[in-house]
Amino acid sequence: MGHGGMGGPGGYGRTLRQDSAVKDHRLAPGTTRRVVRYARPYRLQIAWFLLLVVLAALLVVATPLLLQRIIDDGVADGDRRLVVLLASLVAVVAVAEAALGVLQRWFSTRIGEGLIYDLRTDVFAHVQRQSIAFFTRSQTGSLVTRLNSDVIGAQRAFTSTLSGVVSNVISVVVVLITMLALSWQITVLALAVVPLLLLPARRVGRRLARLNREGMELNAELGNRMTERFNVGGALLVKLFGTPAREEAEFASRADDVRDIGIRTAMSSRVFFAALGAMASLATALVYGVGGVLAIAGTVTIGTLVAFAGLLGRLYGPVTALSNVQVDVMSALVSFERVFEVLDLRPLITDAPDAVDLPTGPLSVELDDVRFAYPGAKLVSLASLEGVRTVGGRSGADGTGDDGGTGYEGDGTADDGDGAAGPVLRPAEEEVLKGVSFRVEPGSMLALVGPSGAGKTTLSTMVARLYDPTAGVVRVGGLDVRTVREASLHDAVGVVTQDAHLFHDTVRANLLYARPDATDAELFTALRAAHVEPLVRRLPAGLDTVVGDRGHRLSGGEKQRVAIARLLLRSPRVVVLDEATAHLDSESEAAVQAALDSAMVGRTSIVIAHRLSTVRRADVIVVLDAGRVVERGTHAELLAAGGLYAELYETQFAQAE
């Protein structure tokens, strides 16, 4: 607690490692009120916790005063019984302080871990409800930081910061009153040394804050580099294009910077604390020197002198800690503010208050004059989560040119036909779809074709309501998807992208993600329909084989077929296939295509395809170009028309045929 030694948890060590700029930060209106609202469920535990803190602070002066009585009343008078009695009381006080410390720890842990749980679950649930546009812009590391570092920083407001402030204030008041009662002359001398402690604390504190901030940045860069190199994609790139010696040299250079800043921080801190220790020793020497003279003169007793020496250590630590209390409190509140910043970001896609479920049976899909432009960053993201810096050093998140130097938006999904994974960047607010209309009858298949950037993938996201159109209507089963419950829509609409994602878990867990109550027999039925059952049965642990990061222990075709099995388990009534065979070799493509044929039987299907075999079987083909429908019809009709489809056929499909 705050009455511990000067290098202890309640002393200089924690507070000086805070950025001094924090205290000048202006909190968002209502932050403190919201903090209190989170604390309300723990108000009884907080009351008990503060009571224990107060009792512990009051015991601060007990031991020095007992030592005074032992010397003055026991030793000086030769009263052995009194000496034993008072020494026993010293032991009782020590046990009481230890017991109070344990009880404080129990309450602070209950309060702190409870707050961490509340904040983490609230943030996680809220982030899960965000639209896909939010995730295309946010750095994963920044989101994880909000769930870890910021949440832990916030809970400190009710544990170490709150207890430290209360304990240190009471300790200083009680110690000063006791010292004044014992000898005002020695008390004035002791207080005269306080500026010698506070001035270096403030000056060196700024240096330590700067060094720690720089060290955190260097460690973050080193961690990001390791994360990029150690994931499967990064490791593969290093193997194919990297040079081990160059990678080792670059890593060593960054590690060298981290080592140097660590040494500088440690030495600055050590020198500082050594200086403070010397100052405290000087103060003790002055007290003993002046107090000794007063004791010889009979002004004070020897016991009083010993009590003063004991009280000094319980005065300087709390005083210095309180000198930085504003930074401590603001650091905790800023952490709360950063958590609230995420909680205040309104999800782009939400259920209407009167949302309904889709009707039973086969479903049609209809787009009626759909227009769409990707939303600006202010609607879907936070600058502090994007981690993008402009030349001027400001985070760009407004989608108007201060966006990391680009001013562009992306859909974050698979490509629009060029085979390159990742988002398709476009100028912010530019219309991607410009009045698209078509209808897919229940149980039929529609193929979407068109050049790269035509808007095919963007259009497919409309059906699953990953985005809402800026104008026009998307209907599934005759209902505007904005009036349908999101859970009902996602149960009915299944999507397979060209790079299906599998979690670093077992085959079983990845399949059960679509339907947690499925039996092993049902899992194998889905795997059989996806033409991947023999493979899974040959795996070392069968269904319990771990597929690796993003499923990289499987081949591309195998991973796609497991993803299709997951789709079949969900048994959607509408299937959207976005270039599901784009990156596969001919053998894998044949296997995946057979699995897709199973997935589409009896279902309404929308297929973005660049393979002729898929296109020719479609009931209707819609040709997109620059966000508009330019042709529609069957394969034979469009070839006869001699338009864009015929041109694409000659350049893109003919080789496949």
# chains A, B, ... in the order shown; residues from 1 in each chain; ligands from 1
>>> closest_atom_pairs(of="segment 483-517 of chain A", to="segment 547-557 of chain A", cutoff="7 Å", atoms="only C-alpha atoms", output="CSV")
residue,atom,partner,partner_atom,distance
A:His501,CA,A:Arg550,CA,5.6
A:Leu502,CA,A:Arg550,CA,4.8
A:Phe503,CA,A:Arg550,CA,5.5
A:His504,CA,A:Asp549,CA,4.6
A:Asp505,CA,A:Val547,CA,6.1
A:Thr506,CA,A:Val547,CA,5.8
A:Val507,CA,A:Val547,CA,6.4
>>> select_by_dssp(residues="segment 146-393 of chain A", states="strand (DSSP E)", output="PyMOL selection string")
chain A and resi 365-373
>>> write_last_selection(atoms="N, CA and C atoms", output="CSV table (one decimal), in the first residue's frame")
chain,number,residue,atom,x,y,z
A,365,VAL,N,-34.2,-14.5,-54.2
A,365,VAL,CA,-33.4,-13.3,-53.9
A,365,VAL,C,-33.6,-12.3,-55.0
A,366,GLU,N,-33.8,-11.1,-54.5
A,366,GLU,CA,-34.1,-10.0,-55.5
A,366,GLU,C,-33.3,-8.7,-55.1
A,367,LEU,N,-32.7,-8.1,-56.1
A,367,LEU,CA,-32.1,-6.8,-55.9
A,367,LEU,C,-32.9,-5.8,-56.7
A,368,ASP,N,-33.4,-4.7,-56.1
A,368,ASP,CA,-34.2,-3.7,-56.8
A,368,ASP,C,-33.5,-2.4,-56.8
A,369,ASP,N,-32.9,-2.0,-57.9
A,369,ASP,CA,-32.3,-0.7,-58.1
A,369,ASP,C,-31.3,-0.4,-57.0
A,370,VAL,N,-30.4,-1.4,-56.7
A,370,VAL,CA,-29.5,-1.3,-55.6
A,370,VAL,C,-28.3,-0.4,-55.9
A,371,ARG,N,-28.1,0.6,-55.1
A,371,ARG,CA,-26.9,1.5,-55.2
A,371,ARG,C,-26.1,1.3,-53.9
A,372,PHE,N,-24.8,1.5,-54.0
A,372,PHE,CA,-24.0,1.3,-52.8
A,372,PHE,C,-22.6,2.0,-53.0
A,373,ALA,N,-22.3,2.7,-51.9
A,373,ALA,CA,-20.9,3.3,-51.7
A,373,ALA,C,-20.4,2.9,-50.4
>>> closest_residue(among="A:Asp619, A:Thr161, A:Asp77, A:Ala529", to="Met330 of chain A", atoms="only C-alpha atoms")
A:Thr161
>>> atom_distance(atom1="atom CA of Ala565 of chain A", atom2="atom CA of Ala530 of chain A")
5.2 Å
>>> residues_around(residues="segment 85-96 of chain A", least_positions_apart="4", cutoff="8 Å", atoms="only C-alpha atoms", output="PyMOL selection string")
chain A and resi 59+62-63+66-67+69-70+81+100
>>> write_last_selection(atoms="C-alpha atoms", output="PDB file, in the first residue's frame")
ATOM      1  CA  LEU A  59      -1.898   1.217  12.102  1.00  0.00           C
ATOM      2  CA  ALA A  62       1.228   2.082  16.018  1.00  0.00           C
ATOM      3  CA  THR A  63       4.633   0.374  15.869  1.00  0.00           C
ATOM      4  CA  LEU A  66       4.976   1.289  20.854  1.00  0.00           C
ATOM      5  CA  LEU A  67       8.750   1.376  20.334  1.00  0.00           C
ATOM      6  CA  ARG A  69       6.961   3.442  25.049  1.00  0.00           C
ATOM      7  CA  ILE A  70       9.241   0.374  25.237  1.00  0.00           C
ATOM      8  CA  ARG A  81       7.114  -6.884  32.325  1.00  0.00           C
ATOM      9  CA  LEU A 100      -5.441  -6.603   6.801  1.00  0.00           C
TER      10      LEU A 100
END
>>> residues_around(residues="segment 313-315 of chain A", least_positions_apart="2", cutoff="12 Å", atoms="only C-alpha atoms", output="number ranges by chain")
A: 1-8, 10-11, 57-64, 167-179, 187, 190-191, 193-194, 197, 276-277, 279-281, 283-284, 307-311, 317-322
>>> residues_around(residues="Val493 of chain A", least_positions_apart="3", cutoff="12 Å", atoms="only C-alpha atoms", output="PyMOL selection string")
chain A and resi 358+362-365+460-466+476-477+481+486-490+496+567-568+570-577+600+603-606
>>> select_by_dssp(residues="segment 105-154 of chain A", states="alpha helix (DSSP H)", output="VMD selection string")
chain A and resid 105 to 128 132 to 137 140 to 145 151 to 154
>>> write_last_selection(atoms="C-alpha atoms", output="PDB file, in the first residue's frame")
ATOM      1  CA  ARG A 105      -5.857  -8.249  -1.465  1.00  0.00           C
ATOM      2  CA  TRP A 106      -8.930 -10.498  -1.472  1.00  0.00           C
ATOM      3  CA  PHE A 107     -11.337  -7.576  -1.871  1.00  0.00           C
ATOM      4  CA  SER A 108      -9.183  -5.761  -4.450  1.00  0.00           C
ATOM      5  CA  THR A 109      -8.851  -8.966  -6.473  1.00  0.00           C
ATOM      6  CA  ARG A 110     -12.609  -9.611  -6.364  1.00  0.00           C
ATOM      7  CA  ILE A 111     -13.362  -6.036  -7.405  1.00  0.00           C
ATOM      8  CA  GLY A 112     -10.610  -5.828 -10.013  1.00  0.00           C
ATOM      9  CA  GLU A 113     -11.251  -9.179 -11.666  1.00  0.00           C
ATOM     10  CA  GLY A 114     -14.985  -8.498 -11.630  1.00  0.00           C
ATOM     11  CA  LEU A 115     -14.465  -5.199 -13.429  1.00  0.00           C
ATOM     12  CA  ILE A 116     -12.122  -6.836 -15.937  1.00  0.00           C
ATOM     13  CA  TYR A 117     -14.765  -9.482 -16.613  1.00  0.00           C
ATOM     14  CA  ASP A 118     -17.537  -6.898 -17.045  1.00  0.00           C
ATOM     15  CA  LEU A 119     -15.503  -4.654 -19.337  1.00  0.00           C
ATOM     16  CA  ARG A 120     -14.046  -7.466 -21.421  1.00  0.00           C
ATOM     17  CA  THR A 121     -17.355  -9.207 -21.988  1.00  0.00           C
ATOM     18  CA  ASP A 122     -19.061  -5.905 -22.853  1.00  0.00           C
ATOM     19  CA  VAL A 123     -16.336  -4.898 -25.307  1.00  0.00           C
ATOM     20  CA  PHE A 124     -16.128  -8.367 -26.879  1.00  0.00           C
ATOM     21  CA  ALA A 125     -19.892  -8.599 -27.348  1.00  0.00           C
ATOM     22  CA  HIS A 126     -20.009  -5.070 -28.786  1.00  0.00           C
ATOM     23  CA  VAL A 127     -17.124  -5.681 -31.197  1.00  0.00           C
ATOM     24  CA  GLN A 128     -18.782  -8.905 -32.345  1.00  0.00           C
ATOM     25  CA  ILE A 132     -17.465  -6.228 -41.506  1.00  0.00           C
ATOM     26  CA  ALA A 133     -16.472  -2.674 -42.489  1.00  0.00           C
ATOM     27  CA  PHE A 134     -15.229  -2.136 -38.932  1.00  0.00           C
ATOM     28  CA  PHE A 135     -12.849  -5.101 -39.151  1.00  0.00           C
ATOM     29  CA  THR A 136     -11.501  -4.127 -42.563  1.00  0.00           C
ATOM     30  CA  ARG A 137     -10.169  -0.900 -41.052  1.00  0.00           C
ATOM     31  CA  THR A 140      -6.330  -6.620 -34.715  1.00  0.00           C
ATOM     32  CA  GLY A 141      -3.570  -5.754 -32.255  1.00  0.00           C
ATOM     33  CA  SER A 142      -5.291  -2.508 -31.305  1.00  0.00           C
ATOM     34  CA  LEU A 143      -8.547  -4.339 -30.612  1.00  0.00           C
ATOM     35  CA  VAL A 144      -6.754  -6.902 -28.468  1.00  0.00           C
ATOM     36  CA  THR A 145      -5.091  -4.064 -26.558  1.00  0.00           C
ATOM     37  CA  VAL A 151      -9.223  -2.968 -19.481  1.00  0.00           C
ATOM     38  CA  ILE A 152      -6.539  -3.782 -16.916  1.00  0.00           C
ATOM     39  CA  GLY A 153      -5.593  -0.112 -16.744  1.00  0.00           C
ATOM     40  CA  ALA A 154      -9.222   0.755 -16.110  1.00  0.00           C
TER      41      ALA A 154
END
>>> atom_distance(atom1="atom CA of Gly472 of chain A", atom2="atom CA of Leu459 of chain A")
12.5 Å
>>> residues_around(residues="Thr304 of chain A", least_positions_apart="6", cutoff="9 Å", atoms="only C-alpha atoms", output="PyMOL selection string")
chain A and resi 64-65+67-69+71-72+182-183+291+295
>>> residues_around(residues="Ala509 of chain A", least_positions_apart="5", cutoff="10 Å", atoms="only C-alpha atoms", output="mmCIF file with N, CA and C atoms, in the first residue's frame")
data_model
loop_
_atom_site.group_PDB
_atom_site.id
_atom_site.type_symbol
_atom_site.label_atom_id
_atom_site.label_comp_id
_atom_site.auth_asym_id
_atom_site.auth_seq_id
_atom_site.Cartn_x
_atom_site.Cartn_y
_atom_site.Cartn_z
ATOM 1 N N LEU A 502 -10.422 -21.282 -41.674
ATOM 2 C CA LEU A 502 -10.597 -22.289 -40.636
ATOM 3 C C LEU A 502 -9.825 -21.831 -39.402
ATOM 4 N N PHE A 503 -10.414 -22.034 -38.229
ATOM 5 C CA PHE A 503 -9.732 -21.678 -36.990
ATOM 6 C C PHE A 503 -8.626 -22.683 -36.683
ATOM 7 N N HIS A 504 -7.640 -22.241 -35.894
ATOM 8 C CA HIS A 504 -6.573 -23.139 -35.451
ATOM 9 C C HIS A 504 -7.153 -24.073 -34.395
ATOM 10 N N ALA A 514 -20.598 -24.239 -37.187
ATOM 11 C CA ALA A 514 -21.815 -23.957 -37.945
ATOM 12 C C ALA A 514 -23.052 -24.529 -37.266
ATOM 13 N N ARG A 515 -22.872 -25.654 -36.548
ATOM 14 C CA ARG A 515 -24.021 -26.277 -35.893
ATOM 15 C C ARG A 515 -23.534 -27.048 -34.667
ATOM 16 N N PRO A 516 -23.506 -26.401 -33.512
ATOM 17 C CA PRO A 516 -22.892 -26.996 -32.312
ATOM 18 C C PRO A 516 -23.509 -28.309 -31.860
ATOM 19 N N LEU A 543 -11.468 -36.690 -36.937
ATOM 20 C CA LEU A 543 -12.149 -35.412 -36.694
ATOM 21 C C LEU A 543 -11.416 -34.540 -35.674
ATOM 22 N N ASP A 544 -10.601 -35.154 -34.850
ATOM 23 C CA ASP A 544 -9.911 -34.409 -33.793
ATOM 24 C C ASP A 544 -8.517 -33.964 -34.213
ATOM 25 N N THR A 545 -8.230 -33.988 -35.497
ATOM 26 C CA THR A 545 -6.953 -33.484 -36.013
ATOM 27 C C THR A 545 -7.000 -31.964 -36.093
ATOM 28 N N VAL A 546 -5.956 -31.317 -35.576
ATOM 29 C CA VAL A 546 -5.868 -29.860 -35.625
ATOM 30 C C VAL A 546 -5.441 -29.436 -37.026
#
>>> closest_residue(among="A:Arg270, A:Ser253, A:Asp491, A:Glu631", to="Thr360 of chain A", atoms="only C-alpha atoms")
A:Asp491
>>> atom_distance(atom1="atom CA of Thr497 of chain A", atom2="atom CA of Asp578 of chain A")
4.7 Å
